[in-house]
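Trainee: Sending over model-v5.pdb (PDB, C-alpha atoms and all ligand atoms).
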```pdb
MODEL        1
ATOM      1  CA  MET A   1     114.542 115.433  82.644
ATOM      2  CA  ARG A   2     111.489 114.732  84.795
ATOM      3  CA  ARG A   3     110.959 117.295  87.507
ATOM      4  CA  ASN A   4     108.863 115.560  90.124
ATOM      5  CA  ALA A   5     107.136 112.394  91.179
ATOM      6  CA  ASP A   6     103.894 113.236  89.388
ATOM      7  CA  GLU A   7     105.719 113.514  86.095
ATOM      8  CA  VAL A   8     107.470 110.230  86.710
ATOM      9  CA  VAL A   9     104.108 108.576  87.261
ATOM     10  CA  GLN A  10     102.529 110.193  84.229
ATOM     11  CA  ASP A  11     105.430 109.131  82.028
ATOM     12  CA  THR A  12     105.889 105.648  83.293
ATOM     13  CA  GLY A  13     103.126 104.402  85.575
ATOM     14  CA  TRP A  14     105.973 102.967  87.664
ATOM     15  CA  VAL A  15     104.340 103.083  91.042
ATOM     16  CA  PHE A  16     101.422 101.154  89.675
ATOM     17  CA  ASN A  17     103.307  97.945  89.552
ATOM     18  CA  ASN A  18     104.546  96.123  92.605
ATOM     19  CA  VAL A  19     106.363  93.455  90.664
ATOM     20  CA  THR A  20     108.520  94.621  87.830
ATOM     21  CA  GLY A  21     111.345  97.076  87.505
ATOM     22  CA  SER A  22     111.604 100.510  86.067
ATOM     23  CA  ALA A  23     112.506  99.820  82.452
ATOM     24  CA  LEU A  24     109.311  98.475  81.014
ATOM     25  CA  THR A  25     107.138  99.439  78.095
ATOM     26  CA  LEU A  26     103.401  99.950  78.321
ATOM     27  CA  GLU A  27     102.970  96.612  76.577
ATOM     28  CA  GLN A  28     105.074  94.839  79.204
ATOM     29  CA  PHE A  29     103.291  96.740  81.952
ATOM     30  CA  VAL A  30      99.900  95.627  80.623
ATOM     31  CA  ALA A  31     101.224  92.068  80.319
ATOM     32  CA  THR A  32     101.733  92.045  84.116
ATOM     33  CA  GLY A  33      98.108  93.174  84.459
ATOM     34  CA  ASN A  34      96.903  90.452  82.061
ATOM     35  CA  ALA A  35      98.643  87.808  84.135
ATOM     36  CA  GLU A  36      97.268  89.139  87.411
ATOM     37  CA  VAL A  37      93.713  89.419  86.084
ATOM     38  CA  ASP A  38      93.919  85.776  84.981
ATOM     39  CA  VAL A  39      95.129  84.657  88.379
ATOM     40  CA  TYR A  40      92.716  86.685  90.493
ATOM     41  CA  LEU A  41      89.625  85.875  88.418
ATOM     42  CA  ASN A  42      90.598  82.236  88.735
ATOM     43  CA  ARG A  43      91.170  82.359  92.507
ATOM     44  CA  PHE A  44      87.916  84.262  93.123
ATOM     45  CA  GLY A  45      85.971  81.785  91.004
ATOM     46  CA  TRP A  46      85.101  84.587  88.557
ATOM     47  CA  SER A  47      86.708  83.100  85.415
ATOM     48  CA  GLU A  48      83.516  81.313  84.480
ATOM     49  CA  MET A  49      81.271  84.325  85.066
ATOM     50  CA  PRO A  50      79.302  85.152  81.903
ATOM     51  CA  PRO A  51      80.905  87.896  79.780
ATOM     52  CA  SER A  52      77.570  89.747  79.879
ATOM     53  CA  MET A  53      78.293  90.605  83.512
ATOM     54  CA  SER A  54      79.345  94.134  84.344
ATOM     55  CA  ILE A  55      82.380  94.917  86.480
ATOM     56  CA  LEU A  56      83.503  98.044  88.326
ATOM     57  CA  GLU A  57      87.224  98.447  88.876
ATOM     58  CA  ILE A  58      87.957 100.880  91.712
ATOM     59  CA  GLY A  59      91.361 102.469  91.062
ATOM     60  CA  SER A  60      92.062 101.487  87.465
ATOM     61  CA  GLY A  61      95.140 103.694  87.177
ATOM     62  CA  ILE A  62      96.329 103.801  83.589
ATOM     63  CA  GLY A  63      94.524 100.573  82.717
ATOM     64  CA  ARG A  64      97.147  97.954  83.526
ATOM     65  CA  MET A  65      94.463  95.432  84.468
ATOM     66  CA  THR A  66      91.510  97.140  82.780
ATOM     67  CA  ALA A  67      92.604  96.022  79.321
ATOM     68  CA  ALA A  68      92.286  92.361  80.327
ATOM     69  CA  LEU A  69      88.996  93.013  82.116
ATOM     70  CA  THR A  70      87.517  94.465  78.900
ATOM     71  CA  ARG A  71      88.459  91.294  77.038
ATOM     72  CA  GLN A  72      86.658  89.221  79.666
ATOM     73  CA  PHE A  73      83.524  91.328  80.300
ATOM     74  CA  HIS A  74      81.305  93.342  77.951
ATOM     75  CA  SER A  75      80.767  96.181  80.405
ATOM     76  CA  VAL A  76      83.689  97.513  82.428
ATOM     77  CA  PHE A  77      83.510 100.653  84.564
ATOM     78  CA  ALA A  78      87.027 101.909  85.212
ATOM     79  CA  SER A  79      87.095 104.411  88.063
ATOM     80  CA  ASP A  80      89.874 106.476  89.543
ATOM     81  CA  VAL A  81      90.416 109.655  91.550
ATOM     82  CA  ASP A  82      92.779 110.895  88.832
ATOM     83  CA  ALA A  83      90.991 112.036  85.670
ATOM     84  CA  ALA A  84      94.261 112.038  83.694
ATOM     85  CA  PHE A  85      94.809 108.358  84.550
ATOM     86  CA  LEU A  86      91.332 107.624  83.240
ATOM     87  CA  GLU A  87      92.330 109.195  79.920
ATOM     88  CA  ARG A  88      95.495 107.085  79.916
ATOM     89  CA  CYS A  89      93.362 104.086  80.823
ATOM     90  CA  ARG A  90      91.208 104.663  77.732
ATOM     91  CA  GLU A  91      94.353 104.838  75.570
ATOM     92  CA  THR A  92      95.713 101.664  77.137
ATOM     93  CA  VAL A  93      92.439  99.815  76.619
ATOM     94  CA  SER A  94      92.250 101.084  73.019
ATOM     95  CA  ARG A  95      95.637  99.489  72.358
ATOM     96  CA  PHE A  96      95.401  96.306  74.370
ATOM     97  CA  GLY A  97      91.756  95.650  75.217
ATOM     98  CA  ASP A  98      88.243  96.194  73.916
ATOM     99  CA  VAL A  99      87.455  99.880  74.235
ATOM    100  CA  THR A 100      83.798  99.342  73.292
ATOM    101  CA  ALA A 101      83.351  97.655  76.682
ATOM    102  CA  LEU A 102      84.848 100.568  78.626
ATOM    103  CA  ARG A 103      83.122 103.342  80.586
ATOM    104  CA  THR A 104      85.162 105.615  82.837
ATOM    105  CA  VAL A 105      83.881 106.958  86.146
ATOM    106  CA  HIS A 106      85.724 109.794  87.826
ATOM    107  CA  ILE A 107      85.859 109.478  91.627
ATOM    108  CA  ALA A 108      86.347 113.210  91.910
ATOM    109  CA  ASP A 109      86.087 113.527  95.702
ATOM    110  CA  GLY A 110      88.137 110.383  96.377
ATOM    111  CA  SER A 111      85.221 108.422  97.784
ATOM    112  CA  SER A 112      81.987 108.634  95.760
ATOM    113  CA  VAL A 113      81.363 106.315  92.827
ATOM    114  CA  HIS A 114      78.802 107.846  90.502
ATOM    115  CA  LEU A 115      76.904 104.707  89.651
ATOM    116  CA  GLU A 116      73.352 103.707  90.605
ATOM    117  CA  ASP A 117      72.609 101.450  93.564
ATOM    118  CA  ASN A 118      72.550  97.739  92.637
ATOM    119  CA  SER A 119      73.910  98.391  89.166
ATOM    120  CA  VAL A 120      76.983  96.167  88.685
ATOM    121  CA  ASP A 121      77.581  92.436  88.971
ATOM    122  CA  LEU A 122      81.185  92.518  90.167
ATOM    123  CA  VAL A 123      83.358  95.055  91.976
ATOM    124  CA  PHE A 124      87.129  94.641  91.953
ATOM    125  CA  SER A 125      89.837  96.767  93.519
ATOM    126  CA  TYR A 126      93.537  95.977  93.670
ATOM    127  CA  ILE A 127      96.384  97.953  95.291
ATOM    128  CA  THR A 128      94.203 101.038  95.516
ATOM    129  CA  LEU A 129      92.501 101.141  98.920
ATOM    130  CA  GLN A 130      95.931 101.376 100.552
ATOM    131  CA  HIS A 131      96.811 104.462  98.507
ATOM    132  CA  CYS A 132      94.093 106.760  99.794
ATOM    133  CA  LYS A 133      93.092 108.054 103.203
ATOM    134  CA  ALA A 134      91.696 105.297 105.414
ATOM    135  CA  SER A 135      88.391 107.191 105.594
ATOM    136  CA  ASP A 136      88.179 107.204 101.765
ATOM    137  CA  ALA A 137      89.050 103.501 101.611
ATOM    138  CA  LEU A 138      86.226 102.757 104.053
ATOM    139  CA  ARG A 139      83.783 104.938 102.147
ATOM    140  CA  LEU A 140      84.785 103.220  98.871
ATOM    141  CA  THR A 141      84.142  99.891 100.573
ATOM    142  CA  SER A 142      80.580 101.026 101.335
ATOM    143  CA  GLU A 143      80.262 102.272  97.771
ATOM    144  CA  ALA A 144      81.270  98.842  96.477
ATOM    145  CA  THR A 145      78.474  97.203  98.478
ATOM    146  CA  ARG A 146      76.005  99.906  97.412
ATOM    147  CA  VAL A 147      76.580  99.567  93.663
ATOM    148  CA  ALA A 148      76.819  95.745  93.671
ATOM    149  CA  LYS A 149      73.609  94.018  92.676
ATOM    150  CA  PRO A 150      71.999  91.537  95.050
ATOM    151  CA  GLY A 151      73.816  88.297  94.243
ATOM    152  CA  GLY A 152      76.765  90.303  92.898
ATOM    153  CA  TRP A 153      80.318  89.859  94.149
ATOM    154  CA  ILE A 154      82.919  92.226  95.534
ATOM    155  CA  ALA A 155      86.656  91.543  95.792
ATOM    156  CA  LEU A 156      88.536  94.339  97.535
ATOM    157  CA  ASN A 157      92.214  94.345  98.367
ATOM    158  CA  TYR A 158      93.610  96.084 101.481
ATOM    159  CA  ARG A 159      96.965  96.449 103.094
ATOM    160  CA  THR A 160      97.326  95.595 106.761
ATOM    161  CA  TYR A 161     100.110  95.938 109.304
ATOM    162  CA  VAL A 162     103.333  93.932 109.076
ATOM    163  CA  PRO A 163     106.320  94.101 111.461
ATOM    164  CA  ALA A 164     108.332  96.076 108.870
ATOM    165  CA  ASP A 165     105.807  98.906 109.278
ATOM    166  CA  ALA A 166     107.682  99.946 112.404
ATOM    167  CA  VAL A 167     110.300 101.275 109.953
ATOM    168  CA  LEU A 168     108.253 101.784 106.767
ATOM    169  CA  LEU A 169     105.578 104.079 108.170
ATOM    170  CA  PRO A 170     107.906 106.668 109.745
ATOM    171  CA  ALA A 171     110.265 106.445 106.727
ATOM    172  CA  GLY A 172     107.316 107.133 104.396
ATOM    173  CA  ALA A 173     106.236 110.144 106.459
ATOM    174  CA  LEU A 174     109.820 111.459 106.386
ATOM    175  CA  MET A 175     109.993 110.972 102.608
ATOM    176  CA  ARG A 176     106.823 113.041 102.111
ATOM    177  CA  VAL A 177     108.413 115.854 104.128
ATOM    178  CA  LEU A 178     111.668 115.595 102.151
ATOM    179  CA  TRP A 179     109.833 115.920  98.809
ATOM    180  CA  ASN A 180     109.044 119.505  99.805
ATOM    181  CA  VAL A 181     112.645 120.432 100.548
ATOM    182  CA  PRO A 182     114.198 122.536  97.752
ATOM    183  CA  VAL A 183     116.895 120.752  95.671
ATOM    184  CA  VAL A 184     116.693 117.487  97.680
ATOM    185  CA  GLY A 185     112.945 116.983  97.092
ATOM    186  CA  PRO A 186     112.945 117.178  93.285
ATOM    187  CA  LYS A 187     115.967 114.861  93.138
ATOM    188  CA  LEU A 188     114.460 112.290  95.483
ATOM    189  CA  SER A 189     111.109 112.265  93.746
ATOM    190  CA  GLN A 190     112.711 110.981  90.543
ATOM    191  CA  TRP A 191     113.516 107.673  92.172
ATOM    192  CA  ARG A 192     111.005 104.877  92.121
ATOM    193  CA  TRP A 193     111.967 103.585  95.591
ATOM    194  CA  SER A 194     111.352 107.034  97.005
ATOM    195  CA  THR A 195     107.889 107.356  95.450
ATOM    196  CA  ARG A 196     106.895 103.895  96.617
ATOM    197  CA  LEU A 197     108.077 104.583 100.127
ATOM    198  CA  GLY A 198     106.358 107.949 100.354
ATOM    199  CA  TRP A 199     103.038 106.827  98.913
ATOM    200  CA  GLN A 200     102.145 104.062 101.280
ATOM    201  CA  ALA A 201      99.167 105.770 102.737
ATOM    202  CA  ASN A 202      97.166 103.552 105.037
ATOM    203  CA  ARG A 203      96.768 100.199 106.729
ATOM    204  CA  LEU A 204      93.346  98.684 107.415
ATOM    205  CA  ASN A 205      92.827  95.393 109.186
ATOM    206  CA  PRO A 206      89.797  93.148 108.578
ATOM    207  CA  ARG A 207      88.225  94.094 111.892
ATOM    208  CA  ARG A 208      87.961  97.774 110.923
ATOM    209  CA  VAL A 209      86.454  97.029 107.540
ATOM    210  CA  LEU A 210      84.004  94.466 108.944
ATOM    211  CA  ASN A 211      82.970  96.857 111.737
ATOM    212  CA  LEU A 212      82.102  99.459 109.145
ATOM    213  CA  LEU A 213      80.023  96.965 107.158
ATOM    214  CA  GLU A 214      78.239  95.792 110.302
ATOM    215  CA  THR A 215      77.404  99.347 111.249
ATOM    216  CA  SER A 216      75.970 100.026 107.817
ATOM    217  CA  ARG A 217      73.958  96.778 108.107
ATOM    218  CA  VAL A 218      75.190  95.345 104.833
ATOM    219  CA  GLU A 219      74.209  91.718 104.346
ATOM    220  CA  PHE A 220      76.199  89.032 102.567
ATOM    221  CA  ASP A 221      75.375  85.523 101.424
ATOM    222  CA  GLU A 222      79.041  84.605 101.440
ATOM    223  CA  LEU A 223      81.958  86.321 103.104
ATOM    224  CA  VAL A 224      85.576  85.249 103.171
ATOM    225  CA  ILE A 225      88.898  86.846 104.016
ATOM    226  CA  LEU A 226      91.766  85.806 101.747
ATOM    227  CA  HIS A 227      95.317  86.168 102.977
ATOM    228  CA  HIS A 228      98.875  85.112 102.304
ATOM    229  CA  PRO A 229      99.316  81.433 103.217
ATOM    230  CA  GLY A 230     100.468  81.144 106.789
ATOM    231  CA  ARG A 231      99.513  84.674 107.637
ATOM    232  CA  PRO A 232      95.830  84.486 108.615
ATOM    233  CA  ALA A 233      94.192  87.581 110.016
ATOM    234  CA  SER A 234      93.415  87.360 113.712
ATOM    235  CA  GLN A 235      89.976  85.900 114.151
ATOM    236  CA  ALA A 236      87.355  88.192 112.700
ATOM    237  CA  THR A 237      83.596  88.144 113.178
ATOM    238  CA  PHE A 238      80.708  89.584 111.230
ATOM    239  CA  MET A 239      77.270  89.904 112.819
ATOM    240  CA  GLY A 240      78.481  87.716 115.669
ATOM    241  CA  GLU A 241      79.635  84.860 113.397
ATOM    242  CA  PRO A 242      83.294  83.976 112.727
ATOM    243  CA  VAL A 243      84.366  84.947 109.207
ATOM    244  CA  ARG A 244      85.815  82.189 107.063
ATOM    245  CA  GLN A 245      89.479  82.693 106.107
ATOM    246  CA  ARG A 246      91.233  81.146 103.143
ATOM    247  CA  ASP A 247      94.829  81.056 101.908
ATOM    248  CA  LEU A 248      95.463  82.905  98.680
ATOM    249  CA  ASP A 249      98.722  81.662  97.198
ATOM    250  CA  VAL A 250      99.414  84.877  95.278
ATOM    251  CA  ALA A 251      98.657  87.311  98.106
ATOM    252  CA  ASN A 252     101.353  89.641  99.293
ATOM    253  CA  LYS A 253     102.208  89.161 102.978
ATOM    254  CA  SER A 254     100.927  92.603 103.847
ATOM    255  CA  HIS A 255      97.687  92.254 101.853
ATOM    256  CA  TRP A 256      94.298  90.722 102.462
ATOM    257  CA  TRP A 257      91.153  90.530 100.363
ATOM    258  CA  LEU A 258      87.511  90.825 101.254
ATOM    259  CA  LEU A 259      85.622  88.522  98.934
ATOM    260  CA  ALA A 260      81.867  88.610  99.376
ATOM    261  CA  ARG A 261      78.584  87.892  97.668
ATOM    262  CA  CYS A 262      76.015  90.591  98.381
ATOM    263  CA  ARG A 263      72.488  89.702  99.485
TER     264      ARG A 263
HETATM  265  C1  LIG B   1      98.851 101.528  92.674
HETATM  266  S1  LIG B   1      97.643 102.155  91.578
HETATM  267  C2  LIG B   1      96.835 100.653  91.088
HETATM  268  C3  LIG B   1      96.186 100.737  89.760
HETATM  269  C4  LIG B   1      95.623  99.405  89.261
HETATM  270  N1  LIG B   1      94.680  98.850  90.199
HETATM  271  C5  LIG B   1      96.734  98.425  88.982
HETATM  272  O1  LIG B   1      96.845  97.421  89.706
HETATM  273  O2  LIG B   1      97.498  98.654  88.074
HETATM  274  C6  LIG B   1      96.532 102.926  92.653
HETATM  275  C7  LIG B   1      95.467 103.719  91.943
HETATM  276  O3  LIG B   1      94.533 104.155  92.915
HETATM  277  C8  LIG B   1      94.088 105.428  92.553
HETATM  278  N2  LIG B   1      93.502 106.025  93.746
HETATM  279  C9  LIG B   1      94.146 106.485  94.832
HETATM  280  N3  LIG B   1      93.260 106.983  95.704
HETATM  281  C10 LIG B   1      92.025 106.805  95.156
HETATM  282  C11 LIG B   1      90.707 107.129  95.564
HETATM  283  N4  LIG B   1      90.469 107.717  96.728
HETATM  284  N5  LIG B   1      89.679 106.816  94.746
HETATM  285  C12 LIG B   1      89.930 106.204  93.556
HETATM  286  N6  LIG B   1      91.154 105.897  93.106
HETATM  287  C13 LIG B   1      92.189 106.194  93.895
HETATM  288  C14 LIG B   1      95.341 106.111  92.043
HETATM  289  O4  LIG B   1      95.044 107.261  91.284
HETATM  290  C15 LIG B   1      95.968 104.984  91.247
HETATM  291  O5  LIG B   1      95.528 105.000  89.928
ENDMDL
END
```
What is this structure when it is put down as structure tokens?
Ligand SMILES: C[S@@+](CC[C@H](N)C(=O)[O-])C[C@H]1O[C@@H](n2cnc3c(N)ncnc32)[C@H](O)[C@@H]1O
Mentor:
Amino acid sequence: MRRNADEVVQDTGWVFNNVTGSALTLEQFVATGNAEVDVYLNRFGWSEMPPSMSILEIGSGIGRMTAALTRQFHSVFASDVDAAFLERCRETVSRFGDVTALRTVHIADGSSVHLEDNSVDLVFSYITLQHCKASDALRLTSEATRVAKPGGWIALNYRTYVPADAVLLPAGALMRVLWNVPVVGPKLSQWRWSTRLGWQANRLNPRRVLNLLETSRVEFDELVILHHPGRPASQATFMGEPVRQRDLDVANKSHWWLLARCR
């Protein structure tokens, strides 16, 4: 019997998958990551990038997508706030990817990536920046631009507001309170729906992220916001210029991506 949500996550990695149900093996779990890596690399135009390129994954979790990234690139930095997930990530990559390509980077304080400035070609982050404090997500965004080489690309995924948040946000806050209630809390935390509801941490719209980047005077050669078809972000500007927006067929309605080439 699992006692709490942390144990459920450690056993199953359930909350790390937005798509599939609760009864899946690690192999099936990684298969969802393989498919998503294929799709996103294709949509970002990264499929044809040379394998010699290095890539940083911010929020690798237990390596669902990392395994596929190590088959595509010779140098993959998997980073996460949770050191135990990084160990699991190494195991996952050993089984399903190329572990010789893997380096792990512990984001111990939740916001600092211990890599040199201008040291990686690509930075990728999926369903992670919504799971930390907004201030950490913004700091990690700056870190992505710091470690990316000039000419390197970043693709960062955020969650923004949707009408359902009027219910979801207060329900999530209530769930986090209930987890601490004796008897009820331990029972609730065994359910996947409860963990997903309680762990939706932040919403960031493009304007907030772009404001941060403007303030830190980051420069880009290309900058585009990707969003669910038919759900464009309200007009956003960067350094006084409108930011290009593009439909991304596979984007969740509540998600958007910042795709940029650093100068
Ligand atoms: C939903 S999982 C996604 C994992 C992986 N990207 C995937 O798609 O399978 C979110 C991950 O973000 C990590 N995370 C949460 N806050 C973080 C932070 N401040 N810095 C780095 N990683 C963080 C969690 O530990 C978890 O592994």
Trainee: List every residue of chain A that has an atom at most 6 Å from any atom of ligand LIG 1 (chain B), and for each one report the closest atom pair and its distance in Å to one decimal, counting all atoms listed in the file, with rows sorted by chain and then by increasing residue number, as a tab-separated table.
Mentor:
```
residue	atom	partner	partner_atom	distance
A:Val15	CA	B:LIG1	C1	5.9
A:Phe16	CA	B:LIG1	C1	4.0
A:Ile58	CA	B:LIG1	C12	6.0
A:Gly59	CA	B:LIG1	N6	4.0
A:Ser60	CA	B:LIG1	C4	4.5
A:Gly61	CA	B:LIG1	O5	3.1
A:Arg64	CA	B:LIG1	O2	4.6
A:Met65	CA	B:LIG1	O2	5.7
A:Asp80	CA	B:LIG1	N6	3.8
A:Val81	CA	B:LIG1	C12	4.0
A:Asp82	CA	B:LIG1	O4	4.9
A:Ile107	CA	B:LIG1	C12	5.6
A:Gly110	CA	B:LIG1	N4	3.6
A:Ser111	CA	B:LIG1	N4	5.4
A:Tyr126	CA	B:LIG1	N1	4.6
A:Ile127	CA	B:LIG1	C2	5.0
A:Thr128	CA	B:LIG1	O3	4.1
A:His131	CA	B:LIG1	C9	5.0
A:Cys132	CA	B:LIG1	N3	4.2
A:Asp136	CA	B:LIG1	N4	5.6
```
Trainee: Given the file shown, enumerate the residues that the PyMOL selection byres (((chain A and resi 144) around 9) and not hetatm) captures and present them as a PDB file with C-alpha atoms, in the coordinates of the input.
Mentor:
```
ATOM      1  CA  LEU A  56      83.503  98.044  88.326  1.00  0.00           C
ATOM      2  CA  ILE A  58      87.957 100.880  91.712  1.00  0.00           C
ATOM      3  CA  VAL A 113      81.363 106.315  92.827  1.00  0.00           C
ATOM      4  CA  LEU A 122      81.185  92.518  90.167  1.00  0.00           C
ATOM      5  CA  VAL A 123      83.358  95.055  91.976  1.00  0.00           C
ATOM      6  CA  PHE A 124      87.129  94.641  91.953  1.00  0.00           C
ATOM      7  CA  ARG A 139      83.783 104.938 102.147  1.00  0.00           C
ATOM      8  CA  LEU A 140      84.785 103.220  98.871  1.00  0.00           C
ATOM      9  CA  THR A 141      84.142  99.891 100.573  1.00  0.00           C
ATOM     10  CA  SER A 142      80.580 101.026 101.335  1.00  0.00           C
ATOM     11  CA  GLU A 143      80.262 102.272  97.771  1.00  0.00           C
ATOM     12  CA  THR A 145      78.474  97.203  98.478  1.00  0.00           C
ATOM     13  CA  ARG A 146      76.005  99.906  97.412  1.00  0.00           C
ATOM     14  CA  VAL A 147      76.580  99.567  93.663  1.00  0.00           C
ATOM     15  CA  ALA A 148      76.819  95.745  93.671  1.00  0.00           C
ATOM     16  CA  ILE A 154      82.919  92.226  95.534  1.00  0.00           C
ATOM     17  CA  LEU A 156      88.536  94.339  97.535  1.00  0.00           C
TER      18      LEU A 156
END
```
Trainee: If I take CA of Ser135 in chain A and CA of Ser112 in chain A, how far is one from the other in Å, to one decimal?
Mentor: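 These two atoms are separated by 11.8 Å.
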Trainee: Translate the PyMOL selection byres (((chain A and resi 237-241) around 12) and not hetatm), as applied to the file shown, into an explicit residue set as a count of residues only.
Mentor: 29
Trainee: Evaluate the PyMOL selection byres (((chain A and resi 152) around 7) and not hetatm) against this structure - the residues, as a PDB file with C-alpha atoms, in the frame of the given file, please.
Mentor:
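Wrote it out as expr06.pdb, contents follow:
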```pdb
ATOM      1  CA  ASP A 121      77.581  92.436  88.971  1.00  0.00           C
ATOM      2  CA  LEU A 122      81.185  92.518  90.167  1.00  0.00           C
ATOM      3  CA  ALA A 148      76.819  95.745  93.671  1.00  0.00           C
ATOM      4  CA  LYS A 149      73.609  94.018  92.676  1.00  0.00           C
ATOM      5  CA  PRO A 150      71.999  91.537  95.050  1.00  0.00           C
ATOM      6  CA  GLY A 151      73.816  88.297  94.243  1.00  0.00           C
ATOM      7  CA  TRP A 153      80.318  89.859  94.149  1.00  0.00           C
ATOM      8  CA  ILE A 154      82.919  92.226  95.534  1.00  0.00           C
ATOM      9  CA  ARG A 261      78.584  87.892  97.668  1.00  0.00           C
ATOM     10  CA  CYS A 262      76.015  90.591  98.381  1.00  0.00           C
TER      11      CYS A 262
END
```
Trainee: If you measure from CA of Thr25 in chain A to CA of Trp193 in chain A, what distance in Å do you get, rounded to one decimal?
Mentor: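 Between these atoms lies a distance of 18.6 Å.
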Trainee: CA of His74 in chain A and CA of Glu36 in chain A are how many Å apart?
Mentor: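 For CA of His74 in chain A relative to CA of Glu36 in chain A, the distance reads 19.0 Å.
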